[in-house]
>>> print(open('entry_34.csv').read())   # CSV, N, CA and C atoms and all ligand atoms
chain,number,residue,atom,x,y,z
A,300,MET,N,-17.4,-2.7,-25.8
A,300,MET,CA,-16.8,-2.1,-24.6
A,300,MET,C,-16.5,-0.6,-25.0
A,301,SER,N,-16.9,0.3,-24.2
A,301,SER,CA,-16.6,1.7,-24.5
A,301,SER,C,-15.3,2.1,-23.8
A,302,ILE,N,-14.5,2.9,-24.5
A,302,ILE,CA,-13.2,3.3,-24.1
A,302,ILE,C,-13.3,4.8,-23.6
A,303,VAL,N,-12.7,5.0,-22.4
A,303,VAL,CA,-12.7,6.3,-21.8
A,303,VAL,C,-11.3,6.9,-21.9
A,304,ARG,N,-11.1,8.1,-22.4
A,304,ARG,CA,-9.8,8.7,-22.4
A,304,ARG,C,-9.6,9.7,-21.3
A,305,PHE,N,-8.5,9.7,-20.7
A,305,PHE,CA,-8.3,10.8,-19.6
A,305,PHE,C,-6.8,11.2,-19.6
A,306,GLY,N,-6.6,12.4,-19.1
A,306,GLY,CA,-5.2,12.8,-19.0
A,306,GLY,C,-4.6,12.5,-17.6
A,307,VAL,N,-3.3,12.2,-17.6
A,307,VAL,CA,-2.7,11.9,-16.3
A,307,VAL,C,-1.5,12.8,-16.1
A,308,SER,N,-1.4,13.4,-14.9
A,308,SER,CA,-0.2,14.2,-14.6
A,308,SER,C,0.7,13.3,-13.7
A,309,LEU,N,2.0,13.2,-14.1
A,309,LEU,CA,3.0,12.4,-13.4
A,309,LEU,C,4.2,13.2,-13.2
A,310,GLU,N,4.9,12.9,-12.0
A,310,GLU,CA,6.3,13.5,-11.9
A,310,GLU,C,7.1,12.8,-12.9
A,311,LYS,N,8.2,13.6,-13.4
A,311,LYS,CA,9.0,13.2,-14.4
A,311,LYS,C,9.6,11.8,-14.2
A,312,GLU,N,10.1,11.6,-12.9
A,312,GLU,CA,10.7,10.3,-12.5
A,312,GLU,C,9.7,9.1,-12.7
A,313,LEU,N,8.4,9.4,-12.3
A,313,LEU,CA,7.4,8.3,-12.4
A,313,LEU,C,7.1,8.0,-13.8
A,314,PHE,N,7.1,9.1,-14.6
A,314,PHE,CA,6.8,8.9,-16.1
A,314,PHE,C,7.9,8.1,-16.7
A,315,GLU,N,9.2,8.4,-16.3
A,315,GLU,CA,10.3,7.6,-16.9
A,315,GLU,C,10.2,6.1,-16.4
A,316,ALA,N,9.8,5.9,-15.2
A,316,ALA,CA,9.6,4.6,-14.6
A,316,ALA,C,8.6,3.8,-15.4
A,317,LEU,N,7.5,4.6,-15.8
A,317,LEU,CA,6.4,3.9,-16.6
A,317,LEU,C,6.9,3.6,-17.9
A,318,ASN,N,7.7,4.4,-18.6
A,318,ASN,CA,8.3,4.1,-19.9
A,318,ASN,C,9.2,2.9,-19.8
A,319,ASN,N,10.0,2.8,-18.8
A,319,ASN,CA,10.9,1.7,-18.6
A,319,ASN,C,10.1,0.4,-18.4
A,320,TYR,N,9.0,0.5,-17.6
A,320,TYR,CA,8.2,-0.6,-17.3
A,320,TYR,C,7.5,-1.1,-18.6
A,321,THR,N,7.0,-0.2,-19.4
A,321,THR,CA,6.3,-0.5,-20.6
A,321,THR,C,7.3,-1.2,-21.6
A,322,SER,N,8.5,-0.7,-21.8
A,322,SER,CA,9.4,-1.4,-22.8
A,322,SER,C,10.0,-2.7,-22.2
A,323,LYS,N,10.3,-2.7,-20.9
A,323,LYS,CA,10.9,-3.9,-20.3
A,323,LYS,C,9.9,-5.1,-20.4
A,324,ASN,N,8.6,-4.8,-20.2
A,324,ASN,CA,7.6,-5.9,-20.3
A,324,ASN,C,7.0,-6.0,-21.6
A,325,GLN,N,7.5,-5.3,-22.6
A,325,GLN,CA,7.0,-5.4,-24.0
A,325,GLN,C,5.5,-5.2,-24.2
A,326,PHE,N,5.0,-4.2,-23.4
A,326,PHE,CA,3.6,-3.7,-23.7
A,326,PHE,C,3.6,-3.0,-25.0
A,327,ALA,N,2.5,-3.0,-25.7
A,327,ALA,CA,2.4,-2.3,-27.0
A,327,ALA,C,2.5,-0.8,-26.8
A,328,ASN,N,2.0,-0.3,-25.7
A,328,ASN,CA,2.1,1.1,-25.4
A,328,ASN,C,1.8,1.4,-23.9
A,329,ARG,N,1.9,2.7,-23.6
A,329,ARG,CA,1.7,3.0,-22.1
A,329,ARG,C,0.3,2.7,-21.6
A,330,SER,N,-0.7,2.9,-22.5
A,330,SER,CA,-2.1,2.6,-22.1
A,330,SER,C,-2.2,1.1,-21.7
A,331,GLN,N,-1.6,0.3,-22.5
A,331,GLN,CA,-1.6,-1.2,-22.2
A,331,GLN,C,-1.0,-1.5,-20.8
A,332,ALA,N,0.2,-0.8,-20.6
A,332,ALA,CA,0.9,-1.0,-19.3
A,332,ALA,C,0.1,-0.5,-18.1
A,333,ILE,N,-0.5,0.7,-18.3
A,333,ILE,CA,-1.4,1.2,-17.2
A,333,ILE,C,-2.6,0.3,-16.9
A,334,ARG,N,-3.2,-0.2,-18.0
A,334,ARG,CA,-4.3,-1.1,-17.9
A,334,ARG,C,-3.9,-2.3,-17.0
A,335,HIS,N,-2.8,-2.8,-17.3
A,335,HIS,CA,-2.3,-4.0,-16.6
A,335,HIS,C,-2.0,-3.7,-15.1
A,336,LEU,N,-1.4,-2.5,-14.8
A,336,LEU,CA,-1.2,-2.1,-13.5
A,336,LEU,C,-2.5,-1.9,-12.7
A,337,ILE,N,-3.5,-1.3,-13.3
A,337,ILE,CA,-4.8,-1.1,-12.7
A,337,ILE,C,-5.4,-2.4,-12.4
A,338,ASN,N,-5.4,-3.3,-13.3
A,338,ASN,CA,-6.0,-4.6,-13.1
A,338,ASN,C,-5.4,-5.4,-12.0
A,339,ASN,N,-4.0,-5.3,-11.9
A,339,ASN,CA,-3.3,-6.0,-10.9
A,339,ASN,C,-3.6,-5.5,-9.5
A,340,ASN,N,-3.7,-4.2,-9.4
A,340,ASN,CA,-3.8,-3.5,-8.1
A,340,ASN,C,-5.3,-3.3,-7.6
A,341,ILE,N,-6.2,-3.1,-8.5
A,341,ILE,CA,-7.6,-2.9,-8.1
A,341,ILE,C,-8.4,-4.1,-8.3
A,342,VAL,N,-8.5,-4.7,-9.5
A,342,VAL,CA,-9.3,-5.8,-9.7
A,342,VAL,C,-8.9,-7.0,-8.9
A,343,THR,N,-7.6,-7.3,-8.9
A,343,THR,CA,-7.1,-8.5,-8.1
A,343,THR,C,-7.4,-8.4,-6.7
A,344,SER,N,-7.2,-7.2,-6.1
A,344,SER,CA,-7.5,-7.1,-4.7
A,344,SER,C,-8.9,-7.2,-4.3
A,345,LYS,N,-9.8,-6.8,-5.3
A,345,LYS,CA,-11.3,-7.0,-5.1
A,345,LYS,C,-11.6,-8.4,-5.0
A,346,TRP,N,-10.9,-9.2,-5.9
A,346,TRP,CA,-11.2,-10.6,-5.9
A,346,TRP,C,-10.8,-11.3,-4.6
A,347,GLN,N,-9.7,-10.8,-4.1
A,347,GLN,CA,-9.2,-11.4,-2.8
A,347,GLN,C,-10.0,-11.0,-1.6
A,348,CYS,N,-11.0,-10.1,-1.8
A,348,CYS,CA,-11.7,-9.6,-0.6
A,348,CYS,C,-12.5,-10.7,0.1
A,349,ASN,N,-12.9,-11.7,-0.6
A,349,ASN,CA,-13.7,-12.8,0.1
A,349,ASN,C,-12.8,-13.8,0.8
A,350,ASN,N,-11.5,-13.8,0.5
A,350,ASN,CA,-10.7,-14.8,1.1
A,350,ASN,C,-10.0,-14.3,2.4
A,351,THR,N,-9.7,-15.3,3.2
A,351,THR,CA,-8.9,-15.0,4.4
A,351,THR,C,-7.4,-15.0,3.9
A,352,VAL,N,-6.7,-13.9,4.2
A,352,VAL,CA,-5.3,-13.8,3.8
A,352,VAL,C,-4.4,-13.5,4.9
A,353,ALA,N,-3.2,-13.7,4.8
A,353,ALA,CA,-2.2,-13.3,5.7
A,353,ALA,C,-1.2,-12.4,5.0
A,354,GLY,N,-0.7,-11.4,5.7
A,354,GLY,CA,0.2,-10.5,5.1
A,354,GLY,C,0.9,-9.6,6.0
A,355,SER,N,1.5,-8.5,5.5
A,355,SER,CA,2.2,-7.6,6.3
A,355,SER,C,2.0,-6.2,5.8
A,356,ILE,N,2.0,-5.3,6.7
A,356,ILE,CA,1.9,-3.9,6.4
A,356,ILE,C,3.2,-3.2,6.8
A,357,THR,N,3.9,-2.6,5.9
A,357,THR,CA,5.1,-2.0,6.2
A,357,THR,C,4.9,-0.5,6.2
A,358,LEU,N,5.4,0.2,7.2
A,358,LEU,CA,5.2,1.7,7.3
A,358,LEU,C,6.6,2.3,7.6
A,359,VAL,N,6.9,3.4,6.9
A,359,VAL,CA,8.1,4.2,7.2
A,359,VAL,C,7.6,5.6,7.5
A,360,TYR,N,8.1,6.1,8.6
A,360,TYR,CA,7.7,7.4,9.0
A,360,TYR,C,8.7,8.1,9.9
A,361,ASP,N,8.6,9.4,10.0
A,361,ASP,CA,9.4,10.2,10.9
A,361,ASP,C,8.7,10.3,12.3
A,362,HIS,N,9.3,9.8,13.3
A,362,HIS,CA,8.6,9.7,14.6
A,362,HIS,C,8.4,11.0,15.3
A,363,HIS,N,9.0,12.1,14.7
A,363,HIS,CA,8.8,13.4,15.3
A,363,HIS,C,7.5,14.0,14.9
A,364,LYS,N,6.8,13.5,13.9
A,364,LYS,CA,5.5,14.0,13.5
A,364,LYS,C,4.5,13.9,14.7
A,365,ARG,N,3.9,15.1,14.9
A,365,ARG,CA,3.1,15.2,16.1
A,365,ARG,C,1.9,14.2,16.1
A,366,ASP,N,1.7,13.5,17.2
A,366,ASP,CA,0.6,12.6,17.4
A,366,ASP,C,0.6,11.4,16.5
A,367,LEU,N,1.6,11.2,15.7
A,367,LEU,CA,1.6,10.1,14.8
A,367,LEU,C,1.6,8.8,15.5
A,368,GLY,N,2.5,8.7,16.5
A,368,GLY,CA,2.7,7.5,17.3
A,368,GLY,C,1.4,7.1,18.0
A,369,THR,N,0.7,8.1,18.6
A,369,THR,CA,-0.6,7.9,19.2
A,369,THR,C,-1.6,7.4,18.3
A,370,ARG,N,-1.7,8.0,17.1
A,370,ARG,CA,-2.7,7.6,16.1
A,370,ARG,C,-2.5,6.2,15.6
A,371,LEU,N,-1.2,5.9,15.4
A,371,LEU,CA,-0.8,4.5,14.9
A,371,LEU,C,-1.3,3.5,15.9
A,372,THR,N,-1.0,3.8,17.2
A,372,THR,CA,-1.4,2.8,18.3
A,372,THR,C,-2.9,2.7,18.4
A,373,ARG,N,-3.6,3.8,18.3
A,373,ARG,CA,-5.0,3.8,18.4
A,373,ARG,C,-5.7,2.9,17.3
A,374,LEU,N,-5.2,3.2,16.1
A,374,LEU,CA,-5.8,2.4,15.0
A,374,LEU,C,-5.5,0.9,15.1
A,375,GLN,N,-4.3,0.6,15.5
A,375,GLN,CA,-3.9,-0.8,15.7
A,375,GLN,C,-4.7,-1.5,16.8
A,376,HIS,N,-5.0,-0.8,17.8
A,376,HIS,CA,-5.9,-1.3,18.9
A,376,HIS,C,-7.3,-1.6,18.4
A,377,HIS,N,-7.7,-0.7,17.5
A,377,HIS,CA,-9.1,-0.8,16.9
A,377,HIS,C,-9.2,-2.1,16.1
A,378,TYR,N,-8.1,-2.5,15.5
A,378,TYR,CA,-8.1,-3.7,14.6
A,378,TYR,C,-7.3,-4.8,15.2
A,379,HIS,N,-7.3,-4.9,16.6
A,379,HIS,CA,-6.4,-5.9,17.2
A,379,HIS,C,-6.7,-7.3,16.8
A,380,ASP,N,-8.0,-7.6,16.4
A,380,ASP,CA,-8.4,-8.9,16.1
A,380,ASP,C,-7.8,-9.4,14.8
A,381,VAL,N,-7.2,-8.6,13.9
A,381,VAL,CA,-6.5,-9.0,12.7
A,381,VAL,C,-5.0,-8.8,12.8
A,382,ILE,N,-4.5,-8.3,13.9
A,382,ILE,CA,-3.1,-8.0,14.0
A,382,ILE,C,-2.4,-9.2,14.8
A,383,LEU,N,-1.4,-9.8,14.2
A,383,LEU,CA,-0.8,-10.9,14.8
A,383,LEU,C,0.4,-10.4,15.7
A,384,SER,N,1.2,-9.5,15.1
A,384,SER,CA,2.3,-8.9,15.9
A,384,SER,C,2.8,-7.7,15.1
A,385,SER,N,3.6,-6.9,15.8
A,385,SER,CA,4.2,-5.8,15.1
A,385,SER,C,5.6,-5.6,15.6
A,386,GLN,N,6.5,-5.1,14.7
A,386,GLN,CA,7.9,-4.9,15.0
A,386,GLN,C,8.3,-3.5,14.6
A,387,HIS,N,9.0,-2.9,15.5
A,387,HIS,CA,9.4,-1.5,15.3
A,387,HIS,C,10.9,-1.4,15.1
A,388,PHE,N,11.4,-0.8,14.1
A,388,PHE,CA,12.8,-0.6,13.8
A,388,PHE,C,13.2,0.9,13.8
A,389,HIS,N,14.2,1.3,14.6
A,389,HIS,CA,14.6,2.7,14.5
A,389,HIS,C,15.7,2.8,13.4
A,390,LEU,N,15.3,3.3,12.3
A,390,LEU,CA,16.2,3.3,11.1
A,390,LEU,C,17.4,4.3,11.2
A,391,ASP,N,17.1,5.4,11.8
A,391,ASP,CA,18.2,6.4,12.1
A,391,ASP,C,17.6,7.3,13.2
A,392,SER,N,18.2,8.5,13.4
A,392,SER,CA,17.7,9.3,14.5
A,392,SER,C,16.3,9.9,14.3
A,393,ASP,N,15.8,9.9,13.0
A,393,ASP,CA,14.5,10.4,12.8
A,393,ASP,C,13.5,9.3,12.3
A,394,MET,N,13.9,8.4,11.4
A,394,MET,CA,13.0,7.6,10.7
A,394,MET,C,12.8,6.2,11.5
A,395,CYS,N,11.5,5.8,11.4
A,395,CYS,CA,11.2,4.5,11.9
A,395,CYS,C,10.5,3.6,10.8
A,396,MET,N,10.7,2.3,11.0
A,396,MET,CA,10.0,1.4,10.1
A,396,MET,C,9.2,0.5,11.0
A,397,GLU,N,7.9,0.2,10.7
A,397,GLU,CA,7.1,-0.7,11.5
A,397,GLU,C,6.6,-1.7,10.5
A,398,ILE,N,6.7,-3.0,10.9
A,398,ILE,CA,6.2,-4.1,10.1
A,398,ILE,C,5.1,-4.8,10.9
A,399,ILE,N,3.9,-4.8,10.4
A,399,ILE,CA,2.7,-5.3,11.2
A,399,ILE,C,2.3,-6.6,10.4
A,400,ALA,N,2.3,-7.7,11.1
A,400,ALA,CA,1.9,-9.0,10.6
A,400,ALA,C,0.4,-9.1,10.8
A,401,VAL,N,-0.4,-9.4,9.7
A,401,VAL,CA,-1.8,-9.4,9.8
A,401,VAL,C,-2.4,-10.7,9.2
A,402,LYS,N,-3.6,-11.0,9.7
A,402,LYS,CA,-4.3,-12.1,9.1
A,402,LYS,C,-5.8,-11.9,9.3
A,403,GLY,N,-6.6,-12.1,8.2
A,403,GLY,CA,-8.0,-11.8,8.2
A,403,GLY,C,-8.6,-11.7,6.9
A,404,LYS,N,-9.8,-11.2,6.8
A,404,LYS,CA,-10.5,-11.0,5.5
A,404,LYS,C,-9.7,-9.9,4.7
A,405,ALA,N,-9.4,-10.1,3.5
A,405,ALA,CA,-8.6,-9.2,2.7
A,405,ALA,C,-9.3,-7.8,2.7
A,406,VAL,N,-10.6,-7.7,2.7
A,406,VAL,CA,-11.2,-6.4,2.7
A,406,VAL,C,-10.9,-5.6,4.0
A,407,ILE,N,-10.8,-6.3,5.1
A,407,ILE,CA,-10.6,-5.7,6.4
A,407,ILE,C,-9.1,-5.2,6.5
A,408,LEU,N,-8.2,-6.1,6.0
A,408,LEU,CA,-6.8,-5.8,6.0
A,408,LEU,C,-6.5,-4.6,5.1
A,409,THR,N,-7.2,-4.5,4.0
A,409,THR,CA,-7.0,-3.4,3.0
A,409,THR,C,-7.5,-2.1,3.7
A,410,GLU,N,-8.6,-2.2,4.4
A,410,GLU,CA,-9.2,-1.1,5.1
A,410,GLU,C,-8.2,-0.5,6.1
A,411,LEU,N,-7.6,-1.5,6.9
A,411,LEU,CA,-6.7,-1.1,8.0
A,411,LEU,C,-5.4,-0.5,7.3
A,412,ALA,N,-4.9,-1.1,6.3
A,412,ALA,CA,-3.7,-0.6,5.6
A,412,ALA,C,-3.9,0.8,5.1
A,413,ASP,N,-5.1,1.0,4.4
A,413,ASP,CA,-5.4,2.3,3.8
A,413,ASP,C,-5.5,3.4,4.9
A,414,LYS,N,-6.1,3.0,6.0
A,414,LYS,CA,-6.2,4.0,7.1
A,414,LYS,C,-4.8,4.4,7.7
A,415,LEU,N,-3.9,3.3,7.9
A,415,LEU,CA,-2.6,3.6,8.4
A,415,LEU,C,-1.8,4.4,7.4
A,416,ILE,N,-1.8,4.0,6.2
A,416,ILE,CA,-1.0,4.7,5.2
A,416,ILE,C,-1.4,6.1,5.0
A,417,ALA,N,-2.7,6.4,5.2
A,417,ALA,CA,-3.3,7.7,5.0
A,417,ALA,C,-2.9,8.7,6.1
A,418,LEU,N,-2.4,8.1,7.3
A,418,LEU,CA,-2.1,9.0,8.4
A,418,LEU,C,-1.1,10.1,8.0
A,419,LYS,N,-1.3,11.3,8.4
A,419,LYS,CA,-0.4,12.4,8.1
A,419,LYS,C,1.0,12.1,8.7
A,420,GLY,N,2.0,12.1,7.9
A,420,GLY,CA,3.4,11.9,8.4
A,420,GLY,C,3.9,10.5,7.9
A,421,ILE,N,3.1,9.6,7.4
A,421,ILE,CA,3.6,8.4,6.9
A,421,ILE,C,4.2,8.6,5.5
A,422,GLN,N,5.5,8.3,5.4
A,422,GLN,CA,6.2,8.6,4.1
A,422,GLN,C,6.1,7.4,3.1
A,423,HIS,N,5.9,6.2,3.6
A,423,HIS,CA,5.8,5.1,2.7
A,423,HIS,C,5.0,4.0,3.4
A,424,GLY,N,4.1,3.4,2.7
A,424,GLY,CA,3.3,2.3,3.3
A,424,GLY,C,3.0,1.3,2.2
A,425,LYS,N,3.0,0.0,2.6
A,425,LYS,CA,2.6,-1.0,1.6
A,425,LYS,C,2.0,-2.2,2.3
A,426,LEU,N,1.0,-2.7,1.7
A,426,LEU,CA,0.3,-3.9,2.2
A,426,LEU,C,0.6,-5.1,1.2
A,427,THR,N,1.1,-6.2,1.7
A,427,THR,CA,1.2,-7.4,0.9
A,427,THR,C,0.3,-8.5,1.5
A,428,MET,N,-0.3,-9.2,0.6
A,428,MET,CA,-1.2,-10.3,1.1
A,428,MET,C,-0.9,-11.6,0.3
A,429,SER,N,-1.1,-12.7,1.1
A,429,SER,CA,-1.0,-14.0,0.5
A,429,SER,C,-2.2,-14.8,0.9
A,430,LYS,N,-2.7,-15.6,0.1
A,430,LYS,CA,-3.9,-16.5,0.4
A,430,LYS,C,-3.5,-17.3,1.6
A,431,ALA,N,-4.4,-17.5,2.6
A,431,ALA,CA,-4.1,-18.2,3.8
A,431,ALA,C,-5.2,-19.1,4.2
A,432,ASP,N,-6.1,-19.5,3.3
A,432,ASP,CA,-7.1,-20.4,3.7
A,432,ASP,C,-7.2,-21.6,2.8
E,501,NI,NI,11.6,4.4,16.0
>>> encode(input="entry_34.csv", output="structure tokens", more="lines below")
Ligand code: NI
Amino acid sequence: MSIVRFGVSLEKELFEALNNYTSKNQFANRSQAIRHLINNNIVTSKWQCNNTVAGSITLVYDHHKRDLGTRLTRLQHHYHDVILSSQHFHLDSDMCMEIIAVKGKAVILTELADKLIALKGIQHGKLTMSKAD
């Protein structure tokens, strides 16, 4: 197996979080910890692609961002066949949280979540999936 070396730039806080994660889980070094994180997040989700899964997409955003509400709605209508329901919470005068319950092929849910999270103005987004078949 050939090994590739590359440099990574991280915010100081993220770097400290990585150090904590490495020591807390007793990885030999940071490379080992990063390898584990990549495996968990990329390889595992690829494996899940063939399965029907149920999950949720959580989005946090500022509702003042121009056109964001319209774009969120348009995307969700486009994927209506995998969306079970959605719930909107007004967190404070600016921020909103939306939780979208989904069920379908993992590859489709990942595609939808990636598109939603990539929308300009989304501050935080996360997809969680559980096997459902
Ligand atoms: Ni709101």
>>> atom_distance(input="entry_34.csv", atom1="CA of Glu315 (chain A)", atom2="atom N of Asn339 (chain A)")
19.9 Å
>>> closest_atom_pairs(input="entry_34.csv", of="chain A", to="ligand NI 501 (chain E)", cutoff="6.5 Å", atoms="only N, CA and C atoms and all ligand atoms", output="JSON lines")
{"residue": "A:His362", "atom": "CA", "partner": "E:NI501", "partner_atom": "NI", "distance": 6.2}
{"residue": "A:His387", "atom": "C", "partner": "E:NI501", "partner_atom": "NI", "distance": 5.9}
{"residue": "A:Phe388", "atom": "C", "partner": "E:NI501", "partner_atom": "NI", "distance": 4.4}
{"residue": "A:His389", "atom": "CA", "partner": "E:NI501", "partner_atom": "NI", "distance": 3.8}
{"residue": "A:Leu390", "atom": "N", "partner": "E:NI501", "partner_atom": "NI", "distance": 5.3}
{"residue": "A:Asp393", "atom": "C", "partner": "E:NI501", "partner_atom": "NI", "distance": 6.4}
{"residue": "A:Met394", "atom": "C", "partner": "E:NI501", "partner_atom": "NI", "distance": 5.0}
{"residue": "A:Cys395", "atom": "CA", "partner": "E:NI501", "partner_atom": "NI", "distance": 4.1}
{"residue": "A:Met396", "atom": "N", "partner": "E:NI501", "partner_atom": "NI", "distance": 5.5}
>>> residues_around(input="entry_34.csv", residues="region 378-385 of chain A", least_positions_apart="2", cutoff="5 Å", atoms="all atoms listed in the file", output="number ranges by chain")
A: 374-376, 387, 398-402
>>> write_last_selection(input="entry_34.csv", atoms="N, CA and C atoms", output="tab-separated table (two decimals), keeping the file's coordinate frame")
chain	number	residue	atom	x	y	z
A	374	LEU	N	-5.20	3.20	16.10
A	374	LEU	CA	-5.80	2.40	15.00
A	374	LEU	C	-5.50	0.90	15.10
A	375	GLN	N	-4.30	0.60	15.50
A	375	GLN	CA	-3.90	-0.80	15.70
A	375	GLN	C	-4.70	-1.50	16.80
A	376	HIS	N	-5.00	-0.80	17.80
A	376	HIS	CA	-5.90	-1.30	18.90
A	376	HIS	C	-7.30	-1.60	18.40
A	387	HIS	N	9.00	-2.90	15.50
A	387	HIS	CA	9.40	-1.50	15.30
A	387	HIS	C	10.90	-1.40	15.10
A	398	ILE	N	6.70	-3.00	10.90
A	398	ILE	CA	6.20	-4.10	10.10
A	398	ILE	C	5.10	-4.80	10.90
A	399	ILE	N	3.90	-4.80	10.40
A	399	ILE	CA	2.70	-5.30	11.20
A	399	ILE	C	2.30	-6.60	10.40
A	400	ALA	N	2.30	-7.70	11.10
A	400	ALA	CA	1.90	-9.00	10.60
A	400	ALA	C	0.40	-9.10	10.80
A	401	VAL	N	-0.40	-9.40	9.70
A	401	VAL	CA	-1.80	-9.40	9.80
A	401	VAL	C	-2.40	-10.70	9.20
A	402	LYS	N	-3.60	-11.00	9.70
A	402	LYS	CA	-4.30	-12.10	9.10
A	402	LYS	C	-5.80	-11.90	9.30
>>> atom_distance(input="entry_34.csv", atom1="CA of Lys419 (chain A)", atom2="atom C of Lys311 (chain A)")
24.4 Å
>>> select_by_dssp(input="entry_34.csv", residues="chain A", states="helix (DSSP H, G or I)", output="ChimeraX atom specification")
/A:311-323,329-347,367-377,379-381,405-417
>>> atom_distance(input="entry_34.csv", atom1="CA of Gln386 (chain A)", atom2="atom N of Lys404 (chain A)")
20.5 Å
>>> closest_residue(input="entry_34.csv", among="A:Thr369, A:Asn350, A:Asn324, A:Ser301", to="Asp432 (chain A)", atoms="only N, CA and C atoms")
A:Asn350
>>> build_atoms(input="entry_34.csv", residues="region 414-420 of chain A", atoms="all heavy atoms", output="mmCIF file, in the frame of the given file")
data_model
loop_
_atom_site.group_PDB
_atom_site.id
_atom_site.type_symbol
_atom_site.label_atom_id
_atom_site.label_comp_id
_atom_site.auth_asym_id
_atom_site.auth_seq_id
_atom_site.Cartn_x
_atom_site.Cartn_y
_atom_site.Cartn_z
ATOM 1 N N LYS A 414 -6.100 3.000 6.000
ATOM 2 C CA LYS A 414 -6.200 4.000 7.100
ATOM 3 C C LYS A 414 -4.800 4.400 7.700
ATOM 4 O O LYS A 414 -4.480 5.528 7.947
ATOM 5 C CB LYS A 414 -7.072 3.507 8.226
ATOM 6 C CG LYS A 414 -8.548 3.567 7.872
ATOM 7 C CD LYS A 414 -9.405 3.101 9.033
ATOM 8 C CE LYS A 414 -10.879 3.097 8.651
ATOM 9 N NZ LYS A 414 -11.717 2.504 9.711
ATOM 10 N N LEU A 415 -3.900 3.300 7.900
ATOM 11 C CA LEU A 415 -2.600 3.600 8.400
ATOM 12 C C LEU A 415 -1.800 4.400 7.400
ATOM 13 O O LEU A 415 -1.120 5.381 7.842
ATOM 14 C CB LEU A 415 -1.899 2.226 8.670
ATOM 15 C CG LEU A 415 -2.411 1.411 9.870
ATOM 16 C CD1 LEU A 415 -1.846 0.000 9.835
ATOM 17 C CD2 LEU A 415 -2.046 2.096 11.189
ATOM 18 N N ILE A 416 -1.800 4.000 6.200
ATOM 19 C CA ILE A 416 -1.000 4.700 5.200
ATOM 20 C C ILE A 416 -1.400 6.100 5.000
ATOM 21 O O ILE A 416 -0.606 7.002 4.634
ATOM 22 C CB ILE A 416 -0.968 3.869 3.846
ATOM 23 C CG1 ILE A 416 -0.257 2.525 4.070
ATOM 24 C CG2 ILE A 416 -0.305 4.639 2.704
ATOM 25 C CD1 ILE A 416 -0.521 1.484 2.998
ATOM 26 N N ALA A 417 -2.700 6.400 5.200
ATOM 27 C CA ALA A 417 -3.300 7.700 5.000
ATOM 28 C C ALA A 417 -2.900 8.700 6.100
ATOM 29 O O ALA A 417 -3.114 9.879 6.003
ATOM 30 C CB ALA A 417 -4.769 7.647 4.771
ATOM 31 N N LEU A 418 -2.400 8.100 7.300
ATOM 32 C CA LEU A 418 -2.100 9.000 8.400
ATOM 33 C C LEU A 418 -1.100 10.100 8.000
ATOM 34 O O LEU A 418 -0.097 9.744 7.308
ATOM 35 C CB LEU A 418 -1.593 8.189 9.579
ATOM 36 C CG LEU A 418 -2.613 7.349 10.343
ATOM 37 C CD1 LEU A 418 -1.898 6.530 11.419
ATOM 38 C CD2 LEU A 418 -3.675 8.228 10.981
ATOM 39 N N LYS A 419 -1.300 11.300 8.400
ATOM 40 C CA LYS A 419 -0.400 12.400 8.100
ATOM 41 C C LYS A 419 1.000 12.100 8.700
ATOM 42 O O LYS A 419 1.108 11.817 9.909
ATOM 43 C CB LYS A 419 -0.952 13.675 8.685
ATOM 44 C CG LYS A 419 -0.411 14.904 8.024
ATOM 45 C CD LYS A 419 -1.100 16.153 8.549
ATOM 46 C CE LYS A 419 -0.340 17.371 8.053
ATOM 47 N NZ LYS A 419 -0.722 18.573 8.794
ATOM 48 N N GLY A 420 2.000 12.100 7.900
ATOM 49 C CA GLY A 420 3.400 11.900 8.400
ATOM 50 C C GLY A 420 3.900 10.500 7.900
ATOM 51 O O GLY A 420 5.141 10.300 7.988
#
